[in-house]
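Novice: Input file: coords.cif. Contents: mmCIF, C-alpha atoms.
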```cif
data_entry
loop_
_atom_site.group_PDB
_atom_site.id
_atom_site.type_symbol
_atom_site.label_atom_id
_atom_site.label_comp_id
_atom_site.auth_asym_id
_atom_site.auth_seq_id
_atom_site.Cartn_x
_atom_site.Cartn_y
_atom_site.Cartn_z
ATOM 1 C CA MET A 1 -59.600 -85.869 4.591
ATOM 2 C CA LYS A 2 -56.092 -84.629 5.188
ATOM 3 C CA ALA A 3 -52.838 -85.117 3.328
ATOM 4 C CA ARG A 4 -49.580 -85.404 5.194
ATOM 5 C CA ILE A 5 -46.404 -84.723 3.292
ATOM 6 C CA ILE A 6 -42.965 -85.300 4.766
ATOM 7 C CA VAL A 7 -40.064 -83.731 2.903
ATOM 8 C CA THR A 8 -36.520 -84.865 3.725
ATOM 9 C CA PRO A 9 -33.102 -83.954 2.300
ATOM 10 C CA LYS A 10 -31.708 -86.530 -0.120
ATOM 11 C CA LYS A 11 -28.930 -88.692 1.333
ATOM 12 C CA ALA A 12 -26.314 -87.150 -1.000
ATOM 13 C CA VAL A 13 -27.118 -83.599 0.122
ATOM 14 C CA LEU A 14 -25.180 -82.108 3.002
ATOM 15 C CA ASP A 15 -27.554 -81.815 5.986
ATOM 16 C CA PRO A 16 -25.715 -79.587 8.487
ATOM 17 C CA GLN A 17 -28.903 -79.057 10.468
ATOM 18 C CA GLY A 18 -29.356 -82.796 10.981
ATOM 19 C CA LYS A 19 -25.690 -83.145 11.889
ATOM 20 C CA THR A 20 -25.914 -80.347 14.463
ATOM 21 C CA VAL A 21 -28.987 -81.872 16.096
ATOM 22 C CA GLN A 22 -27.269 -85.276 16.105
ATOM 23 C CA ASN A 23 -24.188 -83.812 17.817
ATOM 24 C CA ALA A 24 -26.368 -82.117 20.427
ATOM 25 C CA LEU A 25 -28.229 -85.367 21.130
ATOM 26 C CA GLU A 26 -24.914 -87.191 21.527
ATOM 27 C CA HIS A 27 -23.692 -84.527 23.958
ATOM 28 C CA MET A 28 -26.918 -84.905 25.931
ATOM 29 C CA GLY A 29 -26.126 -88.564 26.404
ATOM 30 C CA TYR A 30 -28.397 -90.159 23.812
ATOM 31 C CA THR A 31 -25.603 -92.460 22.758
ATOM 32 C CA SER A 32 -27.639 -94.740 20.540
ATOM 33 C CA VAL A 33 -28.403 -91.905 18.072
ATOM 34 C CA ILE A 34 -26.331 -92.445 14.929
ATOM 35 C CA GLY A 35 -28.092 -90.179 12.435
ATOM 36 C CA VAL A 36 -30.550 -87.274 12.277
ATOM 37 C CA HIS A 37 -32.183 -85.785 9.198
ATOM 38 C CA VAL A 38 -34.150 -82.574 9.495
ATOM 39 C CA GLY A 39 -36.978 -82.122 7.008
ATOM 40 C CA LYS A 40 -40.397 -80.515 6.740
ATOM 41 C CA TYR A 41 -43.901 -81.661 7.547
ATOM 42 C CA LEU A 42 -46.905 -80.284 5.670
ATOM 43 C CA GLU A 43 -50.504 -80.975 6.636
ATOM 44 C CA ILE A 44 -53.013 -80.202 3.916
ATOM 45 C CA ASP A 45 -56.765 -80.048 4.543
ATOM 46 C CA LEU A 46 -58.951 -81.338 1.732
ATOM 47 C CA ALA A 47 -62.589 -80.459 1.061
ATOM 48 C CA PRO A 48 -65.172 -83.055 2.219
ATOM 49 C CA GLY A 49 -66.020 -85.540 -0.496
ATOM 50 C CA THR A 50 -62.690 -85.158 -2.288
ATOM 51 C CA ASP A 51 -61.957 -88.231 -4.398
ATOM 52 C CA ARG A 52 -59.064 -90.118 -2.859
ATOM 53 C CA ALA A 53 -57.397 -91.257 -6.064
ATOM 54 C CA ALA A 54 -57.696 -87.802 -7.652
ATOM 55 C CA ALA A 55 -56.245 -86.172 -4.513
ATOM 56 C CA GLN A 56 -53.363 -88.642 -4.534
ATOM 57 C CA LEU A 57 -52.593 -87.792 -8.151
ATOM 58 C CA ALA A 58 -52.934 -84.020 -7.740
ATOM 59 C CA LEU A 59 -50.870 -83.844 -4.543
ATOM 60 C CA ASN A 60 -48.127 -86.010 -5.968
ATOM 61 C CA GLU A 61 -47.902 -83.531 -8.831
ATOM 62 C CA ALA A 62 -47.872 -80.573 -6.414
ATOM 63 C CA ALA A 63 -45.252 -82.248 -4.229
ATOM 64 C CA HIS A 64 -43.028 -82.918 -7.217
ATOM 65 C CA LYS A 65 -43.472 -79.487 -8.792
ATOM 66 C CA PHE A 66 -43.596 -77.208 -5.785
ATOM 67 C CA LEU A 67 -43.703 -78.662 -2.276
ATOM 68 C CA SER A 68 -40.373 -80.453 -2.685
ATOM 69 C CA ASN A 69 -37.386 -79.872 -4.953
ATOM 70 C CA PRO A 70 -36.469 -83.244 -6.514
ATOM 71 C CA VAL A 71 -32.858 -82.065 -6.988
ATOM 72 C CA ILE A 72 -32.270 -81.999 -3.225
ATOM 73 C CA GLU A 73 -35.280 -83.551 -1.510
ATOM 74 C CA ASP A 74 -37.439 -86.685 -1.286
ATOM 75 C CA TYR A 75 -41.030 -86.695 -0.076
ATOM 76 C CA LYS A 76 -43.611 -89.092 1.282
ATOM 77 C CA LEU A 77 -47.319 -88.486 0.779
ATOM 78 C CA GLU A 78 -50.024 -90.003 2.955
ATOM 79 C CA LEU A 79 -53.793 -89.468 2.873
ATOM 80 C CA VAL A 80 -55.724 -89.865 6.125
ATOM 81 C CA ASP A 81 -59.455 -89.703 6.792
ATOM 82 C CA MET B 1 -29.053 -51.107 -23.397
ATOM 83 C CA HIS B 2 -32.068 -51.471 -21.179
ATOM 84 C CA PHE B 3 -32.077 -53.788 -18.170
ATOM 85 C CA ALA B 4 -35.277 -55.017 -16.534
ATOM 86 C CA VAL B 5 -34.923 -55.666 -12.806
ATOM 87 C CA LEU B 6 -37.625 -57.933 -11.371
ATOM 88 C CA GLN B 7 -39.277 -57.041 -8.079
ATOM 89 C CA PHE B 8 -40.797 -59.679 -5.820
ATOM 90 C CA PRO B 9 -42.221 -59.126 -2.350
ATOM 91 C CA ALA B 10 -39.040 -58.934 -0.192
ATOM 92 C CA SER B 11 -36.577 -58.427 -3.008
ATOM 93 C CA ASN B 12 -33.994 -56.159 -1.377
ATOM 94 C CA CYS B 13 -31.242 -55.714 -3.960
ATOM 95 C CA ASP B 14 -33.551 -54.422 -6.677
ATOM 96 C CA GLN B 15 -32.392 -50.815 -6.150
ATOM 97 C CA ASP B 16 -28.740 -51.922 -6.210
ATOM 98 C CA CYS B 17 -29.210 -53.699 -9.545
ATOM 99 C CA LEU B 18 -31.106 -50.761 -11.023
ATOM 100 C CA HIS B 19 -28.281 -48.468 -9.899
ATOM 101 C CA ALA B 20 -25.474 -50.744 -11.121
ATOM 102 C CA ALA B 21 -26.875 -50.721 -14.659
ATOM 103 C CA ARG B 22 -27.086 -46.919 -14.579
ATOM 104 C CA VAL B 23 -23.530 -46.582 -13.215
ATOM 105 C CA LEU B 24 -22.425 -48.361 -16.384
ATOM 106 C CA GLY B 25 -24.286 -45.789 -18.468
ATOM 107 C CA HIS B 26 -27.338 -47.878 -19.316
ATOM 108 C CA THR B 27 -31.009 -47.577 -18.536
ATOM 109 C CA SER B 28 -32.962 -49.822 -16.194
ATOM 110 C CA SER B 29 -36.452 -50.170 -14.826
ATOM 111 C CA PHE B 30 -38.383 -52.381 -12.429
ATOM 112 C CA VAL B 31 -40.825 -55.069 -13.488
ATOM 113 C CA TRP B 32 -43.307 -56.040 -10.756
ATOM 114 C CA HIS B 33 -43.772 -59.771 -10.126
ATOM 115 C CA LYS B 34 -47.451 -59.643 -11.123
ATOM 116 C CA GLU B 35 -46.666 -58.372 -14.617
ATOM 117 C CA THR B 36 -47.208 -60.872 -17.411
ATOM 118 C CA SER B 37 -44.918 -59.073 -19.858
ATOM 119 C CA LEU B 38 -41.377 -57.726 -19.596
ATOM 120 C CA GLY B 39 -41.966 -55.007 -22.172
ATOM 121 C CA SER B 40 -39.129 -53.953 -24.436
ATOM 122 C CA VAL B 41 -35.930 -54.959 -22.670
ATOM 123 C CA ASP B 42 -32.461 -56.126 -23.686
ATOM 124 C CA ALA B 43 -31.665 -58.144 -20.581
ATOM 125 C CA VAL B 44 -33.261 -59.245 -17.309
ATOM 126 C CA ILE B 45 -31.742 -59.183 -13.830
ATOM 127 C CA VAL B 46 -33.364 -61.262 -11.087
ATOM 128 C CA PRO B 47 -32.111 -59.497 -7.956
ATOM 129 C CA GLY B 48 -31.196 -60.702 -4.488
ATOM 130 C CA GLY B 49 -33.373 -60.630 -1.404
ATOM 131 C CA PHE B 50 -35.706 -62.956 0.408
ATOM 132 C CA SER B 51 -38.587 -63.276 -2.032
ATOM 133 C CA TYR B 52 -41.748 -64.430 -0.268
ATOM 134 C CA GLY B 53 -39.825 -64.629 2.997
ATOM 135 C CA ASP B 54 -37.846 -67.631 1.691
ATOM 136 C CA TYR B 55 -40.900 -69.676 2.720
ATOM 137 C CA LEU B 56 -40.875 -73.377 1.790
ATOM 138 C CA ARG B 57 -37.504 -73.055 -0.017
ATOM 139 C CA CYS B 58 -35.569 -70.014 -1.263
ATOM 140 C CA GLY B 59 -37.089 -69.009 -4.603
ATOM 141 C CA ALA B 60 -39.739 -71.754 -4.571
ATOM 142 C CA VAL B 61 -42.730 -69.411 -4.449
ATOM 143 C CA ALA B 62 -41.269 -66.653 -6.635
ATOM 144 C CA ARG B 63 -40.776 -69.011 -9.545
ATOM 145 C CA PHE B 64 -44.560 -69.314 -9.931
ATOM 146 C CA SER B 65 -45.045 -65.528 -10.177
ATOM 147 C CA PRO B 66 -46.666 -64.356 -13.424
ATOM 148 C CA VAL B 67 -43.506 -62.465 -14.404
ATOM 149 C CA MET B 68 -41.476 -65.682 -14.312
ATOM 150 C CA GLN B 69 -43.553 -67.079 -17.168
ATOM 151 C CA ALA B 70 -42.481 -64.014 -19.188
ATOM 152 C CA VAL B 71 -38.862 -64.640 -18.153
ATOM 153 C CA GLN B 72 -39.160 -68.290 -19.280
ATOM 154 C CA GLU B 73 -40.330 -67.109 -22.706
ATOM 155 C CA PHE B 74 -37.647 -64.396 -22.885
ATOM 156 C CA ALA B 75 -34.962 -66.997 -22.073
ATOM 157 C CA ALA B 76 -36.428 -69.488 -24.560
ATOM 158 C CA GLN B 77 -35.992 -66.830 -27.260
ATOM 159 C CA GLY B 78 -32.334 -66.441 -26.308
ATOM 160 C CA GLY B 79 -32.691 -63.347 -24.093
ATOM 161 C CA LEU B 80 -29.994 -62.735 -21.472
ATOM 162 C CA VAL B 81 -31.063 -63.407 -17.882
ATOM 163 C CA LEU B 82 -28.801 -62.936 -14.852
ATOM 164 C CA GLY B 83 -29.832 -64.109 -11.384
ATOM 165 C CA ILE B 84 -27.985 -62.748 -8.369
ATOM 166 C CA CYS B 85 -28.154 -64.456 -4.946
ATOM 167 C CA ASN B 86 -31.902 -65.030 -4.371
ATOM 168 C CA GLY B 87 -32.237 -64.457 -8.135
ATOM 169 C CA PHE B 88 -29.877 -67.427 -8.674
ATOM 170 C CA GLN B 89 -32.011 -69.527 -6.310
ATOM 171 C CA ILE B 90 -35.169 -68.528 -8.203
ATOM 172 C CA LEU B 91 -33.658 -69.448 -11.591
ATOM 173 C CA CYS B 92 -32.600 -72.868 -10.224
ATOM 174 C CA GLU B 93 -36.070 -73.470 -8.782
ATOM 175 C CA ALA B 94 -37.567 -72.423 -12.125
ATOM 176 C CA GLY B 95 -35.450 -75.032 -13.910
ATOM 177 C CA LEU B 96 -33.723 -72.344 -15.988
ATOM 178 C CA LEU B 97 -30.432 -73.295 -14.342
ATOM 179 C CA PRO B 98 -29.231 -76.722 -13.170
ATOM 180 C CA GLY B 99 -28.769 -77.643 -9.510
ATOM 181 C CA ALA B 100 -30.021 -76.122 -6.287
ATOM 182 C CA LEU B 101 -28.805 -73.964 -3.415
ATOM 183 C CA VAL B 102 -29.003 -75.374 0.114
ATOM 184 C CA ARG B 103 -28.095 -74.231 3.632
ATOM 185 C CA ASN B 104 -24.466 -73.140 4.128
ATOM 186 C CA ARG B 105 -22.466 -76.027 5.573
ATOM 187 C CA ASP B 106 -21.705 -74.117 8.800
ATOM 188 C CA LEU B 107 -25.371 -73.021 9.145
ATOM 189 C CA ARG B 108 -24.227 -69.382 9.303
ATOM 190 C CA PHE B 109 -25.203 -66.380 7.231
ATOM 191 C CA HIS B 110 -22.072 -65.156 5.455
ATOM 192 C CA CYS B 111 -21.699 -61.471 4.661
ATOM 193 C CA GLU B 112 -18.169 -60.916 3.413
ATOM 194 C CA GLN B 113 -15.902 -60.245 0.447
ATOM 195 C CA VAL B 114 -14.977 -63.373 -1.516
ATOM 196 C CA PHE B 115 -12.707 -64.021 -4.467
ATOM 197 C CA LEU B 116 -13.881 -65.618 -7.689
ATOM 198 C CA LYS B 117 -12.103 -67.385 -10.500
ATOM 199 C CA THR B 118 -13.804 -67.286 -13.892
ATOM 200 C CA GLY B 119 -14.014 -70.662 -15.604
ATOM 201 C CA ASN B 120 -15.089 -69.689 -19.111
ATOM 202 C CA PHE B 121 -14.430 -66.366 -20.807
ATOM 203 C CA LYS B 122 -16.457 -67.111 -23.930
ATOM 204 C CA THR B 123 -19.902 -66.367 -22.555
ATOM 205 C CA PRO B 124 -22.159 -63.289 -22.568
ATOM 206 C CA PHE B 125 -21.587 -62.976 -18.810
ATOM 207 C CA THR B 126 -17.795 -63.225 -18.785
ATOM 208 C CA CYS B 127 -16.422 -62.076 -22.150
ATOM 209 C CA GLU B 128 -15.231 -58.696 -20.813
ATOM 210 C CA ILE B 129 -13.555 -60.089 -17.687
ATOM 211 C CA PRO B 130 -9.737 -59.822 -17.961
ATOM 212 C CA GLN B 131 -8.322 -63.356 -18.278
ATOM 213 C CA GLU B 132 -5.971 -63.007 -15.295
ATOM 214 C CA ALA B 133 -8.490 -61.288 -13.034
ATOM 215 C CA VAL B 134 -9.482 -62.733 -9.676
ATOM 216 C CA LEU B 135 -12.768 -60.985 -8.953
ATOM 217 C CA LYS B 136 -13.419 -59.504 -5.514
ATOM 218 C CA ILE B 137 -17.176 -59.481 -4.975
ATOM 219 C CA PRO B 138 -19.196 -59.697 -1.739
ATOM 220 C CA ILE B 139 -21.597 -62.451 -0.713
ATOM 221 C CA ALA B 140 -24.529 -62.168 1.716
ATOM 222 C CA HIS B 141 -26.448 -65.409 2.091
ATOM 223 C CA GLY B 142 -27.411 -68.241 4.404
ATOM 224 C CA GLU B 143 -28.341 -70.718 1.688
ATOM 225 C CA GLY B 144 -25.727 -70.553 -1.026
ATOM 226 C CA CYS B 145 -24.267 -74.052 -0.918
ATOM 227 C CA TYR B 146 -24.476 -75.251 -4.517
ATOM 228 C CA PHE B 147 -25.615 -78.836 -5.030
ATOM 229 C CA ALA B 148 -26.153 -80.946 -8.134
ATOM 230 C CA ASP B 149 -25.957 -84.700 -8.673
ATOM 231 C CA PRO B 150 -22.673 -86.163 -10.019
ATOM 232 C CA ASP B 151 -24.026 -86.501 -13.591
ATOM 233 C CA THR B 152 -25.074 -82.849 -13.675
ATOM 234 C CA LEU B 153 -21.715 -81.745 -12.248
ATOM 235 C CA GLY B 154 -19.955 -83.768 -14.940
ATOM 236 C CA THR B 155 -22.030 -82.129 -17.662
ATOM 237 C CA LEU B 156 -21.354 -78.669 -16.212
ATOM 238 C CA GLN B 157 -17.625 -79.353 -16.327
ATOM 239 C CA THR B 158 -17.656 -80.839 -19.841
ATOM 240 C CA ASN B 159 -19.683 -77.934 -21.255
ATOM 241 C CA ARG B 160 -17.731 -75.361 -19.231
ATOM 242 C CA GLN B 161 -20.947 -74.078 -17.673
ATOM 243 C CA ILE B 162 -19.242 -73.374 -14.333
ATOM 244 C CA LEU B 163 -18.675 -69.649 -14.745
ATOM 245 C CA TRP B 164 -17.295 -68.775 -11.310
ATOM 246 C CA GLN B 165 -15.678 -70.695 -8.457
ATOM 247 C CA TYR B 166 -14.730 -69.466 -4.998
ATOM 248 C CA CYS B 167 -10.959 -69.103 -4.716
ATOM 249 C CA ASP B 168 -8.373 -67.322 -2.560
ATOM 250 C CA SER B 169 -6.877 -63.935 -3.451
ATOM 251 C CA THR B 170 -4.279 -65.636 -5.674
ATOM 252 C CA GLY B 171 -6.900 -67.540 -7.650
ATOM 253 C CA ALA B 172 -6.305 -70.937 -6.026
ATOM 254 C CA ILE B 173 -9.512 -72.954 -5.633
ATOM 255 C CA THR B 174 -9.238 -74.326 -2.101
ATOM 256 C CA ASP B 175 -11.658 -75.623 0.505
ATOM 257 C CA ALA B 176 -10.622 -72.804 2.847
ATOM 258 C CA ALA B 177 -11.797 -70.300 0.233
ATOM 259 C CA ASN B 178 -15.198 -71.983 -0.039
ATOM 260 C CA PRO B 179 -17.541 -69.947 2.184
ATOM 261 C CA ASN B 180 -20.578 -72.235 2.123
ATOM 262 C CA GLY B 181 -19.641 -75.801 1.142
ATOM 263 C CA SER B 182 -20.626 -75.514 -2.525
ATOM 264 C CA LEU B 183 -19.672 -78.589 -4.556
ATOM 265 C CA LEU B 184 -16.572 -77.863 -6.704
ATOM 266 C CA ASN B 185 -16.499 -74.395 -5.042
ATOM 267 C CA ILE B 186 -19.234 -73.355 -7.474
ATOM 268 C CA ALA B 187 -20.305 -69.728 -7.069
ATOM 269 C CA GLY B 188 -22.129 -69.375 -10.390
ATOM 270 C CA VAL B 189 -23.255 -71.401 -13.401
ATOM 271 C CA ALA B 190 -24.817 -70.881 -16.819
ATOM 272 C CA ASN B 191 -27.378 -72.919 -18.717
ATOM 273 C CA GLU B 192 -26.358 -75.054 -21.683
ATOM 274 C CA ARG B 193 -27.198 -72.289 -24.129
ATOM 275 C CA PHE B 194 -25.210 -69.692 -22.122
ATOM 276 C CA ASN B 195 -27.989 -67.102 -22.144
ATOM 277 C CA VAL B 196 -29.039 -67.647 -18.527
ATOM 278 C CA ALA B 197 -26.582 -67.401 -15.632
ATOM 279 C CA GLY B 198 -26.744 -67.128 -11.872
ATOM 280 C CA LEU B 199 -24.308 -66.517 -9.047
ATOM 281 C CA MET B 200 -24.498 -66.138 -5.272
ATOM 282 C CA PRO B 201 -22.011 -63.214 -5.015
ATOM 283 C CA HIS B 202 -23.326 -59.704 -5.664
ATOM 284 C CA PRO B 203 -21.806 -57.917 -8.677
ATOM 285 C CA ASP B 204 -24.396 -55.199 -7.980
ATOM 286 C CA ARG B 205 -22.646 -54.492 -4.681
ATOM 287 C CA ALA B 206 -19.244 -54.273 -6.374
ATOM 288 C CA SER B 207 -19.831 -51.687 -9.057
ATOM 289 C CA GLU B 208 -18.358 -48.577 -7.463
ATOM 290 C CA ALA B 209 -14.958 -47.939 -5.809
ATOM 291 C CA LEU B 210 -16.754 -46.474 -2.800
ATOM 292 C CA LEU B 211 -18.219 -49.944 -2.134
ATOM 293 C CA GLY B 212 -14.783 -51.567 -2.037
ATOM 294 C CA SER B 213 -14.640 -53.115 -5.502
ATOM 295 C CA THR B 214 -15.630 -52.413 -9.075
ATOM 296 C CA ASP B 215 -15.086 -56.003 -10.248
ATOM 297 C CA GLY B 216 -18.821 -56.619 -10.516
ATOM 298 C CA ARG B 217 -18.930 -54.209 -13.436
ATOM 299 C CA TRP B 218 -17.188 -56.740 -15.645
ATOM 300 C CA ILE B 219 -20.213 -59.024 -15.523
ATOM 301 C CA LEU B 220 -22.763 -56.418 -16.605
ATOM 302 C CA ALA B 221 -20.229 -55.020 -19.103
ATOM 303 C CA SER B 222 -19.923 -58.518 -20.588
ATOM 304 C CA MET B 223 -23.685 -58.705 -21.051
ATOM 305 C CA VAL B 224 -23.661 -55.307 -22.772
ATOM 306 C CA ALA B 225 -20.766 -56.312 -25.049
ATOM 307 C CA ALA B 226 -22.524 -59.564 -25.993
ATOM 308 C CA LEU B 227 -25.764 -57.702 -26.751
ATOM 309 C CA GLU B 228 -23.882 -55.118 -28.875
ATOM 310 C CA GLU B 229 -22.175 -57.904 -30.790
ATOM 311 C CA ALA B 230 -25.500 -59.653 -31.390
ATOM 312 C CA ARG B 231 -27.042 -56.393 -32.566
ATOM 313 C CA LEU B 232 -24.168 -55.700 -35.006
ATOM 314 C CA ALA B 233 -24.358 -59.263 -36.316
ATOM 315 C CA LYS B 234 -28.080 -58.846 -36.888
ATOM 316 C CA ALA B 235 -27.600 -55.499 -38.673
ATOM 317 C CA ALA B 236 -24.858 -56.861 -40.951
#
```
Here is a file; write its structure as structure tokens.

Specialist:
Amino acid sequence: MKARIIVTPKKAVLDPQGKTVQNALEHMGYTSVIGVHVGKYLEIDLAPGTDRAAAQLALNEAAHKFLSNPVIEDYKLELVD
Amino acid sequence: MHFAVLQFPASNCDQDCLHAARVLGHTSSFVWHKETSLGSVDAVIVPGGFSYGDYLRCGAVARFSPVMQAVQEFAAQGGLVLGICNGFQILCEAGLLPGALVRNRDLRFHCEQVFLKTGNFKTPFTCEIPQEAVLKIPIAHGEGCYFADPDTLGTLQTNRQILWQYCDSTGAITDAANPNGSLLNIAGVANERFNVAGLMPHPDRASEALLGSTDGRWILASMVAALEEARLAKAA
């Protein structure tokens, strides 16, 4: 089982990286692009036989405490077999 | 007074902080990040650098170092803790200071002299700063843009926890004088109890005339004065 965690900047936080990528895409002619947000993707390998519910609980705690900073970031956690 | 200067892998201003304390006539020593005790110290400086390569987020890994547990306890007992640059980021990540530091708004690393206006002179980090002084202290960071939600910013203003704001050489707080996009031009803040403070500029790099400014001395001198006062009060 793997966990996938996507961390993105909160809407209220300035995201100059996203803005720069957006501008570049516009200059390249991708005119339908109206917003870009640059975040992080973490893939976490879990030991075989790991209990799904326990992993969900533990990784949510880790994501809140360490993998993301709730002051500036949001995250999405997904478990895949 | 004795200052403890923390050392993490990739701290790079630890020597500067050690030296700055000695320039002021005090003693200082390093405390390695794996230590679980600070020993007998009067104040702690969390120095600048790129602890743990700035991996994940600046300061995110360092905050879980064993020594940071000792710093948490030291701060909980009222001990004075100053975080400079990466040290400020670590203290925010550790929850000892409100807010967070994100990428500079222009995505560039800024290494330059800036000017600072002090917002509260009644704290252990500012009490020796002359009231009219506009401090000239250098910055060197890529992620120093201060962010906090509107409620937190309101609380910081009400409690006068904003210790330093970026300003121009006359002391005017303008957007042009803001090097990184920090909300309210915030360069440094204190906790509610005013025993923990952090700032992105480097007072350690402004403690000798040879380095272009001695204004950074006022900050360490304030800490010393506050500690002396506390010691006298305790003795009385």

Novice: Any chance you could tabulate, as CSV, the residues of chain B at most 8 Å from chain A with each one's nearest atom pair and distance in Å to one decimal, using only C-alpha atoms, in chain and rising number order?

Specialist:
```
residue,atom,partner,partner_atom,distance
B:Leu56,CA,A:Leu67,CA,7.2
B:Ala60,CA,A:Phe66,CA,6.8
B:Val61,CA,A:Phe66,CA,8.0
B:Glu93,CA,A:Asn69,CA,7.6
B:Gly99,CA,A:Val71,CA,6.5
B:Ala100,CA,A:Val71,CA,6.6
B:Arg103,CA,A:Pro16,CA,7.6
B:Asn104,CA,A:Pro16,CA,7.9
B:Arg105,CA,A:Pro16,CA,5.6
B:Asp106,CA,A:Pro16,CA,6.8
B:Leu107,CA,A:Pro16,CA,6.6
B:Phe147,CA,A:Val13,CA,7.2
B:Ala148,CA,A:Val71,CA,6.9
B:Asp149,CA,A:Val71,CA,7.6
```

Novice: Figure out the distance between atom CA of B:Pro138 and atom CA of B:Leu24, please, to one decimal in Å.

Specialist: 18.8 Å

Novice: Quick one: apply the PyMOL selection byres ((chain B and resi 178) around 12) to the file and drop the selected residues here as a tab-separated table (two decimals) with C-alpha atoms, in the frame of the given file.

Specialist:
```
chain	number	residue	atom	x	y	z
B	104	ASN	CA	-24.47	-73.14	4.13
B	105	ARG	CA	-22.47	-76.03	5.57
B	106	ASP	CA	-21.70	-74.12	8.80
B	110	HIS	CA	-22.07	-65.16	5.46
B	112	GLU	CA	-18.17	-60.92	3.41
B	113	GLN	CA	-15.90	-60.24	0.45
B	114	VAL	CA	-14.98	-63.37	-1.52
B	115	PHE	CA	-12.71	-64.02	-4.47
B	116	LEU	CA	-13.88	-65.62	-7.69
B	117	LYS	CA	-12.10	-67.39	-10.50
B	139	ILE	CA	-21.60	-62.45	-0.71
B	144	GLY	CA	-25.73	-70.55	-1.03
B	145	CYS	CA	-24.27	-74.05	-0.92
B	146	TYR	CA	-24.48	-75.25	-4.52
B	164	TRP	CA	-17.30	-68.78	-11.31
B	165	GLN	CA	-15.68	-70.69	-8.46
B	166	TYR	CA	-14.73	-69.47	-5.00
B	167	CYS	CA	-10.96	-69.10	-4.72
B	168	ASP	CA	-8.37	-67.32	-2.56
B	172	ALA	CA	-6.30	-70.94	-6.03
B	173	ILE	CA	-9.51	-72.95	-5.63
B	174	THR	CA	-9.24	-74.33	-2.10
B	175	ASP	CA	-11.66	-75.62	0.50
B	176	ALA	CA	-10.62	-72.80	2.85
B	177	ALA	CA	-11.80	-70.30	0.23
B	179	PRO	CA	-17.54	-69.95	2.18
B	180	ASN	CA	-20.58	-72.24	2.12
B	181	GLY	CA	-19.64	-75.80	1.14
B	182	SER	CA	-20.63	-75.51	-2.52
B	183	LEU	CA	-19.67	-78.59	-4.56
B	184	LEU	CA	-16.57	-77.86	-6.70
B	185	ASN	CA	-16.50	-74.40	-5.04
B	186	ILE	CA	-19.23	-73.36	-7.47
B	187	ALA	CA	-20.30	-69.73	-7.07
```

Novice: Using 6 Å of padding on each side, determine the axis-aligned box around all atoms of stretch 217-225 of chain B present in the file and give its centre and edge lengths in Å to one decimal, as JSON.

Specialist:
```
{"center_x": -20.4, "center_y": -56.6, "center_z": -19.2, "size_x": 18.5, "size_y": 16.8, "size_z": 23.6}
```

Novice: What does the structure give for the distance between atom CA of A:Met1 and atom CA of B:Phe64, in Å to one decimal?

Specialist: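 Going from atom CA of A:Met1 over to atom CA of B:Phe64, I get 26.7 Å.
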
Novice: Please evaluate the PyMOL selection byres ((chain B and resi 40) around 10) against the displayed coordinates and give the resulting residues as a VMD selection string.

Specialist: chain B and resid 2 to 4 37 to 39 41 to 43

Novice: For the structure shown, which residues end up in the PyMOL selection byres ((chain B and resi 193) around 10)? Put them as a list in words, please?

Specialist: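 Going through the file, the PyMOL selection byres ((chain B and resi 193) around 10) ends up selecting Ala75, Ala76, Gly78, Thr123, Asn159, Gln161, Ala190, Asn191, Glu192, Phe194, Asn195, Val196 and Ala197 of chain B.
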
Novice: Could you check which of B:Val102, B:Leu91, B:Ala133, B:Ala21 is closest to A:Lys10, using only C-alpha atoms?

Specialist: B:Val102

Novice: Looking at B:Gly119, B:Trp32, B:Lys136, B:Val46, which one is nearest to B:Gln157, with distances taken over all atoms listed in the file?

Specialist: B:Gly119

Novice: Quick one: of B:Ala233, B:Ile137, B:His26, B:Ile90, who's nearest to B:Ser213, counting all atoms listed in the file?

Specialist: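 So, comparing all the options, the nearest one is B:Ile137.
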
Novice: Tell me, in Å to one decimal, how far atom CA of B:Phe109 is from atom CA of B:Val67.

Specialist: 28.6 Å

Novice: Leaving out B:Phe121 and any residue of its chain fewer than 4 positions from it, which residues lie within 9 Å of it when counting all atoms listed in the file, given as a list of chain:residue names?

Specialist: B:Phe125, B:Thr126, B:Cys127, B:Glu128, B:Ile129, B:Pro130, B:Gln131, B:Leu163

Novice: Could you tell me which of B:Gln69, B:Pro9, B:Met223, B:His19 comes closest to B:Tyr55 if we count all atoms listed in the file?

Specialist: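 The shortest atom-to-atom distance to B:Tyr55 comes from B:Pro9.
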
Novice: Could you pull the residues within 12 Å of A:Pro48, counting all atoms listed in the file, minus those fewer than 2 positions along the same chain, as a list of chain:residue names?

Specialist: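 The residues satisfying every condition are A:Met1, A:Lys2, A:Asp45, A:Leu46, A:Thr50, A:Asp51, A:Arg52, A:Ala55, A:Asp81.
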